[in-house]
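Participant: Pasting run.cif below, which is mmCIF, C-alpha atoms.
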data_my_file
loop_
_atom_site.group_PDB
_atom_site.id
_atom_site.type_symbol
_atom_site.label_atom_id
_atom_site.label_comp_id
_atom_site.auth_asym_id
_atom_site.auth_seq_id
_atom_site.Cartn_x
_atom_site.Cartn_y
_atom_site.Cartn_z
ATOM 1 C CA MET A 23 -0.532 14.656 41.289
ATOM 2 C CA PHE A 24 1.514 13.771 38.197
ATOM 3 C CA PHE A 25 -0.078 16.614 36.224
ATOM 4 C CA ALA A 26 0.656 19.144 38.990
ATOM 5 C CA LEU A 27 4.266 18.003 39.293
ATOM 6 C CA SER A 28 4.798 18.256 35.547
ATOM 7 C CA LYS A 29 3.534 21.841 35.585
ATOM 8 C CA THR A 30 5.622 22.893 38.593
ATOM 9 C CA LEU A 31 8.744 20.815 39.211
ATOM 10 C CA GLY A 32 8.976 19.799 35.547
ATOM 11 C CA VAL A 33 8.878 23.426 34.395
ATOM 12 C CA ALA A 34 11.360 24.517 37.064
ATOM 13 C CA LEU A 35 13.882 21.901 35.872
ATOM 14 C CA LEU A 36 13.890 23.060 32.266
ATOM 15 C CA PRO A 37 17.432 24.264 31.465
ATOM 16 C CA THR A 38 16.505 27.899 30.819
ATOM 17 C CA ASN A 39 14.463 28.254 34.013
ATOM 18 C CA PHE A 40 16.960 26.283 36.082
ATOM 19 C CA SER A 41 19.899 28.388 34.844
ATOM 20 C CA ILE A 42 18.127 31.665 35.607
ATOM 21 C CA ALA A 43 17.147 30.441 39.072
ATOM 22 C CA LEU A 44 20.711 29.300 39.711
ATOM 23 C CA GLY A 45 22.040 32.705 38.694
ATOM 24 C CA LEU A 46 19.544 34.537 40.902
ATOM 25 C CA VAL A 47 20.492 32.422 43.907
ATOM 26 C CA GLY A 48 24.126 33.203 43.217
ATOM 27 C CA PHE A 49 23.372 36.928 42.953
ATOM 28 C CA VAL A 50 21.579 36.920 46.304
ATOM 29 C CA LEU A 51 24.490 35.086 47.922
ATOM 30 C CA LEU A 52 26.869 37.874 46.856
ATOM 31 C CA ALA A 53 25.487 39.987 49.690
ATOM 32 C CA THR A 54 26.187 37.289 52.285
ATOM 33 C CA ARG A 55 29.184 35.530 53.751
ATOM 34 C CA ARG A 56 28.790 32.966 50.993
ATOM 35 C CA ALA A 57 29.741 35.399 48.244
ATOM 36 C CA ALA A 58 32.335 32.991 46.857
ATOM 37 C CA LEU A 59 29.653 30.347 46.383
ATOM 38 C CA GLY A 60 27.436 32.972 44.823
ATOM 39 C CA ARG A 61 30.068 33.820 42.215
ATOM 40 C CA LYS A 62 30.487 30.133 41.397
ATOM 41 C CA LEU A 63 26.735 29.664 40.978
ATOM 42 C CA MET A 64 26.477 32.703 38.708
ATOM 43 C CA ALA A 65 29.383 31.445 36.611
ATOM 44 C CA ALA A 66 27.773 27.995 36.396
ATOM 45 C CA ALA A 67 24.489 29.575 35.325
ATOM 46 C CA ILE A 68 26.171 31.532 32.534
ATOM 47 C CA VAL A 69 28.055 28.478 31.285
ATOM 48 C CA LEU A 70 24.893 26.345 31.348
ATOM 49 C CA LEU A 71 22.888 28.984 29.474
ATOM 50 C CA ALA A 72 25.618 29.347 26.857
ATOM 51 C CA LEU A 73 25.865 25.575 26.437
ATOM 52 C CA CYS A 74 22.107 25.246 25.928
ATOM 53 C CA ALA A 75 21.887 28.301 23.685
ATOM 54 C CA PHE A 76 24.763 27.821 21.249
ATOM 55 C CA SER A 77 25.968 24.217 21.388
ATOM 56 C CA PRO A 78 24.404 21.258 19.516
ATOM 57 C CA LEU A 79 23.064 19.900 22.832
ATOM 58 C CA GLY A 80 19.388 20.495 22.056
ATOM 59 C CA SER A 81 19.667 19.077 18.559
ATOM 60 C CA LEU A 82 21.537 15.998 19.760
ATOM 61 C CA LEU A 83 18.836 15.319 22.343
ATOM 62 C CA LEU A 84 16.036 15.832 19.812
ATOM 63 C CA TYR A 85 17.616 13.739 17.059
ATOM 64 C CA PRO A 86 16.852 10.248 18.475
ATOM 65 C CA LEU A 87 13.288 11.368 19.203
ATOM 66 C CA GLU A 88 12.595 12.828 15.775
ATOM 67 C CA THR A 89 14.127 9.913 13.897
ATOM 68 C CA ARG A 90 12.474 7.176 15.967
ATOM 69 C CA PHE A 91 9.538 6.845 13.557
ATOM 70 C CA PRO A 92 9.839 6.963 9.763
ATOM 71 C CA PRO A 93 7.374 8.895 7.603
ATOM 72 C CA TRP A 94 4.035 7.119 7.348
ATOM 73 C CA ASP A 95 3.741 4.653 4.465
ATOM 74 C CA ALA A 96 0.526 5.433 2.574
ATOM 75 C CA SER A 97 0.835 2.243 0.535
ATOM 76 C CA ARG A 98 -0.230 0.187 3.557
ATOM 77 C CA GLY A 99 -3.860 1.184 3.087
ATOM 78 C CA THR A 100 -6.545 3.702 3.927
ATOM 79 C CA PRO A 101 -6.888 4.780 7.574
ATOM 80 C CA ASN A 102 -10.229 4.599 9.349
ATOM 81 C CA GLY A 103 -9.457 7.620 11.468
ATOM 82 C CA ILE A 104 -6.959 10.371 12.155
ATOM 83 C CA VAL A 105 -6.138 11.597 15.671
ATOM 84 C CA VAL A 106 -4.542 15.033 15.939
ATOM 85 C CA LEU A 107 -2.935 15.870 19.277
ATOM 86 C CA GLY A 108 -3.487 19.293 20.791
ATOM 87 C CA GLY A 109 -0.695 21.763 21.288
ATOM 88 C CA PRO A 110 -0.768 24.120 18.294
ATOM 89 C CA LEU A 111 -3.330 26.560 19.684
ATOM 90 C CA ASP A 112 -3.339 28.733 22.777
ATOM 91 C CA ALA A 113 -6.869 28.410 24.144
ATOM 92 C CA ASP A 114 -6.625 31.384 26.501
ATOM 93 C CA LEU A 115 -5.290 33.733 23.808
ATOM 94 C CA SER A 116 -7.892 32.404 21.384
ATOM 95 C CA ALA A 117 -10.629 33.176 23.897
ATOM 96 C CA ALA A 118 -9.210 36.640 24.562
ATOM 97 C CA HIS A 119 -9.159 37.545 20.862
ATOM 98 C CA GLY A 120 -12.212 35.603 19.743
ATOM 99 C CA ARG A 121 -10.405 33.600 17.068
ATOM 100 C CA PRO A 122 -7.916 30.716 16.866
ATOM 101 C CA VAL A 123 -4.396 31.728 17.877
ATOM 102 C CA VAL A 124 -1.671 29.287 16.779
ATOM 103 C CA HIS A 125 1.586 29.562 18.709
ATOM 104 C CA SER A 126 3.507 26.420 17.701
ATOM 105 C CA ALA A 127 3.359 23.087 15.878
ATOM 106 C CA ALA A 128 1.041 24.427 13.152
ATOM 107 C CA ASP A 129 2.105 21.486 10.952
ATOM 108 C CA ARG A 130 -0.283 19.291 12.936
ATOM 109 C CA MET A 131 -3.238 21.302 11.665
ATOM 110 C CA PHE A 132 -1.987 21.426 8.079
ATOM 111 C CA ALA A 133 -1.398 17.669 8.117
ATOM 112 C CA ALA A 134 -4.919 17.092 9.432
ATOM 113 C CA ALA A 135 -6.391 19.117 6.590
ATOM 114 C CA GLU A 136 -4.259 17.332 4.002
ATOM 115 C CA LEU A 137 -5.164 13.886 5.324
ATOM 116 C CA ALA A 138 -8.850 14.782 5.549
ATOM 117 C CA ARG A 139 -8.889 15.667 1.851
ATOM 118 C CA ARG A 140 -6.915 12.575 0.902
ATOM 119 C CA TYR A 141 -9.144 10.219 2.915
ATOM 120 C CA PRO A 142 -12.696 11.641 2.812
ATOM 121 C CA ASN A 143 -14.190 8.722 4.752
ATOM 122 C CA ALA A 144 -11.765 8.835 7.661
ATOM 123 C CA ARG A 145 -12.925 10.210 10.983
ATOM 124 C CA ILE A 146 -11.039 13.298 12.160
ATOM 125 C CA VAL A 147 -10.402 13.548 15.887
ATOM 126 C CA PHE A 148 -8.818 16.523 17.633
ATOM 127 C CA THR A 149 -7.892 15.963 21.265
ATOM 128 C CA GLY A 150 -6.954 18.834 23.540
ATOM 129 C CA GLY A 151 -8.490 20.794 26.393
ATOM 130 C CA SER A 152 -6.372 23.126 28.522
ATOM 131 C CA PRO A 153 -2.782 22.289 29.530
ATOM 132 C CA ASN A 154 -2.700 24.967 32.229
ATOM 133 C CA LEU A 155 -2.436 24.096 35.915
ATOM 134 C CA VAL A 156 -5.164 26.657 36.641
ATOM 135 C CA SER A 157 -7.552 26.593 33.682
ATOM 136 C CA ASN A 158 -10.722 28.343 32.676
ATOM 137 C CA ASP A 159 -13.456 27.364 30.252
ATOM 138 C CA ALA A 160 -11.292 27.952 27.169
ATOM 139 C CA LYS A 161 -10.653 24.618 25.423
ATOM 140 C CA GLU A 162 -8.217 24.140 22.593
ATOM 141 C CA ALA A 163 -10.468 21.706 20.735
ATOM 142 C CA ASP A 164 -13.168 24.353 20.305
ATOM 143 C CA TYR A 165 -10.819 26.714 18.482
ATOM 144 C CA ALA A 166 -9.151 23.856 16.620
ATOM 145 C CA ALA A 167 -12.547 23.012 15.118
ATOM 146 C CA THR A 168 -12.881 26.572 13.822
ATOM 147 C CA LEU A 169 -9.413 26.462 12.304
ATOM 148 C CA LEU A 170 -9.867 23.016 10.734
ATOM 149 C CA GLU A 171 -13.156 24.134 9.237
ATOM 150 C CA ALA A 172 -11.390 27.152 7.715
ATOM 151 C CA LEU A 173 -8.852 24.701 6.249
ATOM 152 C CA GLY A 174 -11.664 22.883 4.458
ATOM 153 C CA ILE A 175 -12.747 20.115 6.849
ATOM 154 C CA ASP A 176 -16.486 19.702 7.275
ATOM 155 C CA ARG A 177 -17.354 20.155 10.943
ATOM 156 C CA GLN A 178 -19.678 17.159 10.746
ATOM 157 C CA ARG A 179 -16.613 14.943 10.248
ATOM 158 C CA MET A 180 -14.879 16.180 13.392
ATOM 159 C CA ILE A 181 -14.854 14.463 16.751
ATOM 160 C CA LEU A 182 -13.675 16.838 19.471
ATOM 161 C CA GLU A 183 -12.154 15.662 22.741
ATOM 162 C CA ARG A 184 -11.956 18.803 24.892
ATOM 163 C CA GLN A 185 -11.194 17.634 28.445
ATOM 164 C CA SER A 186 -7.633 16.277 28.246
ATOM 165 C CA ARG A 187 -4.814 18.241 29.879
ATOM 166 C CA ASN A 188 -1.801 16.178 28.809
ATOM 167 C CA THR A 189 -0.778 13.392 26.451
ATOM 168 C CA LEU A 190 -1.808 10.636 28.846
ATOM 169 C CA GLU A 191 -5.330 12.023 28.983
ATOM 170 C CA ASN A 192 -5.279 12.510 25.201
ATOM 171 C CA ALA A 193 -4.827 8.759 24.851
ATOM 172 C CA VAL A 194 -7.294 7.632 27.525
ATOM 173 C CA PHE A 195 -10.077 10.077 26.712
ATOM 174 C CA THR A 196 -9.782 9.661 22.945
ATOM 175 C CA LYS A 197 -10.010 5.902 23.187
ATOM 176 C CA ALA A 198 -13.152 6.188 25.316
ATOM 177 C CA LEU A 199 -14.644 8.683 22.875
ATOM 178 C CA VAL A 200 -14.060 6.873 19.570
ATOM 179 C CA ALA A 201 -14.049 3.242 20.780
ATOM 180 C CA PRO A 202 -11.677 1.931 18.066
ATOM 181 C CA LYS A 203 -12.595 -1.508 16.769
ATOM 182 C CA PRO A 204 -10.132 -4.370 16.242
ATOM 183 C CA GLY A 205 -8.634 -4.192 12.782
ATOM 184 C CA GLU A 206 -9.214 -0.468 12.341
ATOM 185 C CA ARG A 207 -6.263 1.676 11.323
ATOM 186 C CA TRP A 208 -5.798 4.998 13.086
ATOM 187 C CA LEU A 209 -3.140 7.597 12.362
ATOM 188 C CA LEU A 210 -1.651 9.699 15.147
ATOM 189 C CA VAL A 211 -0.557 13.175 14.068
ATOM 190 C CA THR A 212 1.847 15.006 16.348
ATOM 191 C CA SER A 213 5.297 16.576 16.361
ATOM 192 C CA ALA A 214 8.097 14.180 15.459
ATOM 193 C CA TYR A 215 9.936 14.708 18.767
ATOM 194 C CA HIS A 216 6.702 14.026 20.675
ATOM 195 C CA MET A 217 5.812 10.862 18.762
ATOM 196 C CA PRO A 218 7.655 8.223 20.883
ATOM 197 C CA ARG A 219 5.962 9.287 24.116
ATOM 198 C CA SER A 220 2.591 9.703 22.410
ATOM 199 C CA VAL A 221 2.630 6.300 20.719
ATOM 200 C CA GLY A 222 3.752 4.645 23.956
ATOM 201 C CA LEU A 223 0.869 6.174 25.888
ATOM 202 C CA PHE A 224 -1.713 5.274 23.248
ATOM 203 C CA ARG A 225 -0.435 1.688 23.148
ATOM 204 C CA LYS A 226 -0.598 1.372 26.922
ATOM 205 C CA ALA A 227 -4.150 2.733 26.815
ATOM 206 C CA GLY A 228 -5.083 -0.058 24.413
ATOM 207 C CA PHE A 229 -5.404 2.172 21.370
ATOM 208 C CA PRO A 230 -2.939 1.034 18.677
ATOM 209 C CA VAL A 231 -2.031 3.877 16.330
ATOM 210 C CA GLU A 232 0.274 4.440 13.366
ATOM 211 C CA ALA A 233 2.691 7.340 13.609
ATOM 212 C CA TYR A 234 2.304 10.297 11.256
ATOM 213 C CA PRO A 235 5.133 12.590 12.434
ATOM 214 C CA VAL A 236 5.201 16.287 11.483
ATOM 215 C CA ASP A 237 6.703 19.528 12.806
ATOM 216 C CA TRP A 238 10.377 18.561 12.748
ATOM 217 C CA ARG A 239 12.680 20.867 14.707
ATOM 218 C CA ILE A 240 16.041 19.764 13.295
ATOM 219 C CA GLY A 241 17.387 18.468 10.005
ATOM 220 C CA ASP A 242 20.038 15.866 9.276
ATOM 221 C CA GLN A 243 22.922 17.729 10.935
ATOM 222 C CA PRO A 244 22.404 17.474 14.696
ATOM 223 C CA PHE A 245 26.026 18.409 15.420
ATOM 224 C CA ALA A 246 25.651 21.933 14.009
ATOM 225 C CA PHE A 247 26.108 24.839 16.420
ATOM 226 C CA THR A 248 23.243 27.280 16.853
ATOM 227 C CA PRO A 249 23.882 30.928 15.922
ATOM 228 C CA VAL A 250 20.658 32.236 17.532
ATOM 229 C CA ALA A 251 20.509 31.815 21.304
ATOM 230 C CA LEU A 252 16.719 31.664 21.583
ATOM 231 C CA ASP A 253 16.559 28.853 19.023
ATOM 232 C CA GLY A 254 19.095 26.805 20.935
ATOM 233 C CA LEU A 255 17.391 27.386 24.269
ATOM 234 C CA SER A 256 14.023 26.453 22.811
ATOM 235 C CA ARG A 257 15.345 23.209 21.325
ATOM 236 C CA THR A 258 17.128 22.250 24.533
ATOM 237 C CA ASP A 259 14.098 22.983 26.721
ATOM 238 C CA THR A 260 11.861 21.030 24.344
ATOM 239 C CA ALA A 261 14.203 18.044 24.322
ATOM 240 C CA ILE A 262 14.701 17.980 28.098
ATOM 241 C CA ARG A 263 10.961 18.254 28.702
ATOM 242 C CA GLU A 264 10.329 15.342 26.358
ATOM 243 C CA TRP A 265 13.010 13.118 27.855
ATOM 244 C CA MET A 266 11.782 13.903 31.379
ATOM 245 C CA GLY A 267 8.294 12.911 30.240
ATOM 246 C CA LEU A 268 9.558 9.648 28.787
ATOM 247 C CA PHE A 269 11.402 8.727 31.987
ATOM 248 C CA ALA A 270 8.509 9.767 34.234
ATOM 249 C CA TYR A 271 5.850 7.866 32.293
ATOM 250 C CA ARG A 272 8.060 4.772 32.132
ATOM 251 C CA LEU A 273 8.733 4.859 35.876
ATOM 252 C CA TRP A 274 5.042 5.419 36.511
ATOM 253 C CA GLY A 275 4.187 2.423 34.347
ATOM 254 C CA ARG A 276 2.212 4.410 31.766
ATOM 255 C CA THR A 277 4.388 3.232 28.875
ATOM 256 C CA GLY A 278 5.773 -0.198 28.135
ATOM 257 C CA GLU A 279 9.283 0.955 27.225
ATOM 258 C CA LEU A 280 11.465 4.004 27.701
ATOM 259 C CA LEU A 281 11.653 4.967 24.029
ATOM 260 C CA PRO A 282 8.710 3.464 22.133
ATOM 261 C CA GLY A 283 9.329 2.777 18.465
ATOM 262 C CA PRO A 284 7.526 1.406 15.407
ATOM 263 C CA ALA A 285 5.360 -1.644 15.975
ATOM 264 C CA LYS A 286 6.846 -4.974 14.977
ATOM 265 C CA ASP A 287 4.774 -6.529 12.213
#
Would you encode the structure as structure tokens?

Facilitator:
Amino acid sequence: MFFALSKTLGVALLPTNFSIALGLVGFVLLATRRAALGRKLMAAAIVLLALCAFSPLGSLLLYPLETRFPPWDASRGTPNGIVVLGGPLDADLSAAHGRPVVHSAADRMFAAAELARRYPNARIVFTGGSPNLVSNDAKEADYAATLLEALGIDRQRMILERQSRNTLENAVFTKALVAPKPGERWLLVTSAYHMPRSVGLFRKAGFPVEAYPVDWRIGDQPFAFTPVALDGLSRTDTAIREWMGLFAYRLWGRTGELLPGPAKD
């Protein structure tokens, strides 16, 4: 139920989709006796789109997420394993073209390759199936393995979790697959904005991990206005989706706190 809601209601509430829907409702109302309301809704839709597209709103919402975890401290010791969260590859497009197709968050794959070379004895886990509400047999992990092998990682080192559909299942299924032992150190590689929710879910699943954030979307000036509308809309949608996920998982009891942060030593 939660997965279905996230793929329907959650998507509908993203600022870009919501603004377009609001404008369309207003346009339809122009042909009715509620034309005045229609004009107001269309004006509200335009203002909301402009706010999301050009203002610092998206960056301001992403900033506390991306800065929640510091860069990983390599001086603390060698990790036993590295978990890379799915998201960079489009499984359906990869299946259609017969090769890995990366559409976002490619830094996760580059970081995995870098860490694999730096720590040759660490286990490399990629977790990701299909995030689609209606899925086929295409699994992201299968194409991730091909890409990681091309980046120099021996396939024999890889552990592939190919059934998860969201971050909650990433955590639960990966723990069951690798059975981490007490005292082992595992890195979690994902986008910086996605790290608080991911760490919270892994902790609640009983799989303590150390954050290795990558794929930053903003720099150190979150108050800057955005000159390119698509960039602003993308950042705002990404931030709203992440905050909705944090609130939903906290209310559902899948995380122990609203905004998980670094573990207290």

Participant: Decode the PyMOL selection byres ((chain A and resi 205) around 12) for the given file into explicit residues and return them as a count of residues only.

Facilitator: 12

Participant: For the structure shown, which residues end up in the PyMOL selection byres ((chain A and resi 105-118) around 9)? Put them as an NGL selection string, please?

Facilitator: :A and (103-104 or 119-131 or 133-134 or 145-153 or 157-166 or 188-189 or 192 or 196 or 208-213 or 220 or 231)

Participant: One decimal, Å: what's the distance from CA of Thr100 (chain A) over to CA of Tyr215 (chain A), could you say?

Facilitator: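 For CA of Thr100 (chain A) relative to CA of Tyr215 (chain A), the distance reads 24.8 Å.
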
Participant: Given the choices A:Thr54, A:Thr89, A:Thr30, A:Asn143, which gets closest to Gly283 (chain A) if the distance is worked out from all atoms listed in the file?

Facilitator: A:Thr89

Participant: Which residue is closest to Ala201 (chain A)? Choose from A:Ala227, A:Ala58, A:Ser28, A:Thr38 and count all atoms listed in the file.

Facilitator: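 So, comparing all the options, the nearest one is A:Ala227.
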
Participant: What are the centre and edge lengths in Å, to one decimal, of the axis-aligned box around all listed atoms of region 258-262 of chain A with 3 Å added on each side, as JSON?

Facilitator:
{"center_x": 14.5, "center_y": 20.5, "center_z": 26.2, "size_x": 11.3, "size_y": 11.0, "size_z": 9.8}

Participant: Between CA of Trp238 (chain A) and CA of His216 (chain A), what is the distance, to one decimal in Å?

Facilitator: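 Computing the Euclidean distance for CA of Trp238 (chain A) and CA of His216 (chain A) yields 9.8 Å.
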
Participant: Taking the file above as input, evaluate the PyMOL selection byres ((chain A and resi 33) around 12) and report the hits as a list in words.

Facilitator: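 Listing what the PyMOL selection byres ((chain A and resi 33) around 12) selects in the shown file: Phe25, Ala26, Leu27, Ser28, Lys29, Thr30, Leu31, Gly32, Ala34, Leu35, Leu36, Pro37, Thr38, Asn39, Phe40, Ala43, Asn154, Leu155, Asp259, Thr260, Ile262, Arg263, Glu264, Met266 and Gly267 of chain A.
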
Participant: Just to confirm, what's the straight-line distance from CA of Leu59 (chain A) to CA of Leu73 (chain A) in Å (one decimal)?

Facilitator: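 Here the two named atoms are 20.9 Å from each other.
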
Participant: Compare A:Tyr271, A:Trp265, A:Phe76, A:Tyr234 by their minimum atom-to-atom distance to Val250 (chain A), counting all atoms listed in the file, and give me the closest one.

Facilitator: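 Checking each of A:Tyr271, A:Trp265, A:Phe76, A:Tyr234 against Val250 (chain A), counting all atoms listed in the file, the winner is A:Phe76.
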
Participant: Calculated over all atoms listed in the file, which of the candidates A:Ala65, A:Leu223, A:Leu137, A:Leu281 has the smallest distance to Glu191 (chain A)?

Facilitator: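 Of A:Ala65, A:Leu223, A:Leu137, A:Leu281, the one nearest Glu191 (chain A) is A:Leu223, counting all atoms listed in the file.
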
Participant: Do you know which residues are at most 10 Å from Phe247 (chain A) counting only C-alpha atoms, after dropping those on the same chain fewer than 3 positions away, and could you put them as a list in words?

Facilitator: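 Neighbouring residues, sequence-local ones excluded: Ala75, Phe76, Ser77, Pro78, Leu79, Gly80, Ser81, Gln243, Pro244, Val250 and Gly254 of chain A.
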
Participant: Out of A:Arg61, A:Arg184, A:Arg56, A:Arg219, which residue has the shortest atom-to-atom distance to Phe91 (chain A) when counting only C-alpha atoms?

Facilitator: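 Smallest distance to Phe91 (chain A) is found for A:Arg219.
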
Participant: Rank nothing, just name the residue among A:Met64, A:Pro235, A:Gln185, A:Pro86 nearest to Leu51 (chain A), using all atoms listed in the file.

Facilitator: A:Met64

Participant: Which residues, written as JSON, numbers by chain, have at least one atom at most 8 Å from Leu84 (chain A), with all atoms listed in the file counted and residues fewer than 5 positions away on the same chain left out?

Facilitator: {"A": [215, 239, 240, 257, 261]}
